[in-house]
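Below is one structure, written out as structure tokens; the observations come after it.
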Amino acid sequence: MTPRQKRILAALAILDVTVILAMVVLAARLFSTPLPLAPTDLPETLSPELCQWKATQLLAQAELGGIVTLSPGESLRFEIVYPLAPGQVADQAAQQVWTTFDVALALEKEPCSLFSQVEVAIRAIRPNAHVQDNVHINASVSAVDLRAFGAGELGEDEFIEHVFYEAISIHAK
């Protein structure tokens with residue numbers, strides 16, 4: 001074996017040891033269990049992106065699909081497409097406004113209270129119909145009123161008075 005070959009083998013052996021050590025350190029980091037955070041280490045509120053993701057997740061758990069937009073300090077907006085089953089009245093989609101308000105209340109427990117207004121836009125559609133009989137439902141309420149309702153400080157009738165609501169029928173052929 002020539003001296004050049006011996007140097008190459010020595011360099012490769014050093015490289016092998018370095019790679020093995022790096023893999024051991026990486027594996028130790030990946031498989032080590034982090035210590036749980038103390039309650040005082042938790043943030044007071046989550047980031048807007050994480051809150052938006054949590055809202056989307058809660059919406060999916062409520063079996064609704066849609067887009068969630070969070071503008072910190074401003075609004076939490078839900079845009080939902082609600083397919084109507086055969087024989088189902090379009091106004092039945094309005095119940096999803098309440099479900100969405102429940103999602104917004106649950107989001108505050110995460111803690112995600114970065115919004116001052118909750119807006120819901122539901123597009124109730126009848127898939128595969130010859131005549132499109134769609135209804136667009138828009139509702140909004142201040143987060144303060146929603147929190148008061150959730151805490152029992154506002155009754156249902158009083159809360160409904162604070163909710164802006166409109167339903168627009170769209171008939172297209």
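Ligands are numbered from 1 in the order shown, residues from 1 within each chain, and chains are lettered A, B, ... in the order they appear in the structure tokens.
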
### Task
Find the residues near A:Pro48: any atom within 12 Å, counting only C-alpha atoms, skip ones fewer than 5 places away on the same chain, and give them as a ChimeraX atom specification.
/A:53-55,68-76,107,110-115

Go ahead and write the residues just picked, C-alpha atoms, as a PDB file, in the first residue's frame.
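Below is the file that was written, result_18.pdb:
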ATOM      1  CA  TRP A  53     -54.762  26.657  12.040  1.00  0.00           C
ATOM      2  CA  LYS A  54     -56.560  25.736  15.293  1.00  0.00           C
ATOM      3  CA  ALA A  55     -59.746  27.415  14.026  1.00  0.00           C
ATOM      4  CA  VAL A  68     -60.558  30.642   8.093  1.00  0.00           C
ATOM      5  CA  THR A  69     -58.915  34.052   8.048  1.00  0.00           C
ATOM      6  CA  LEU A  70     -57.647  35.744  11.187  1.00  0.00           C
ATOM      7  CA  SER A  71     -56.737  39.414  11.132  1.00  0.00           C
ATOM      8  CA  PRO A  72     -55.205  40.054  14.582  1.00  0.00           C
ATOM      9  CA  GLY A  73     -57.070  42.719  16.518  1.00  0.00           C
ATOM     10  CA  GLU A  74     -59.789  42.761  13.889  1.00  0.00           C
ATOM     11  CA  SER A  75     -61.784  39.786  12.666  1.00  0.00           C
ATOM     12  CA  LEU A  76     -61.971  36.040  12.643  1.00  0.00           C
ATOM     13  CA  LEU A 107     -60.885  28.859  19.961  1.00  0.00           C
ATOM     14  CA  GLU A 110     -56.730  27.648  23.140  1.00  0.00           C
ATOM     15  CA  PRO A 111     -55.826  30.713  23.996  1.00  0.00           C
ATOM     16  CA  CYS A 112     -56.617  32.611  20.817  1.00  0.00           C
ATOM     17  CA  SER A 113     -58.441  35.809  21.676  1.00  0.00           C
ATOM     18  CA  LEU A 114     -56.762  37.908  18.995  1.00  0.00           C
ATOM     19  CA  PHE A 115     -59.981  39.038  17.304  1.00  0.00           C
TER      20      PHE A 115
END

### Message
If we count only C-alpha atoms and set the cut-off at 12 Å, which residues sit around A:His162, ignoring sequence neighbours fewer than 4 positions away in its own chain? Please answer as a PyMOL selection string.
### Response
chain A and resi 117-118+139-146+148-149+154-158

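The two atoms in question, atom CA of A:Lys109 and atom CA of A:Ile122, are spaced 24.2 Å apart.
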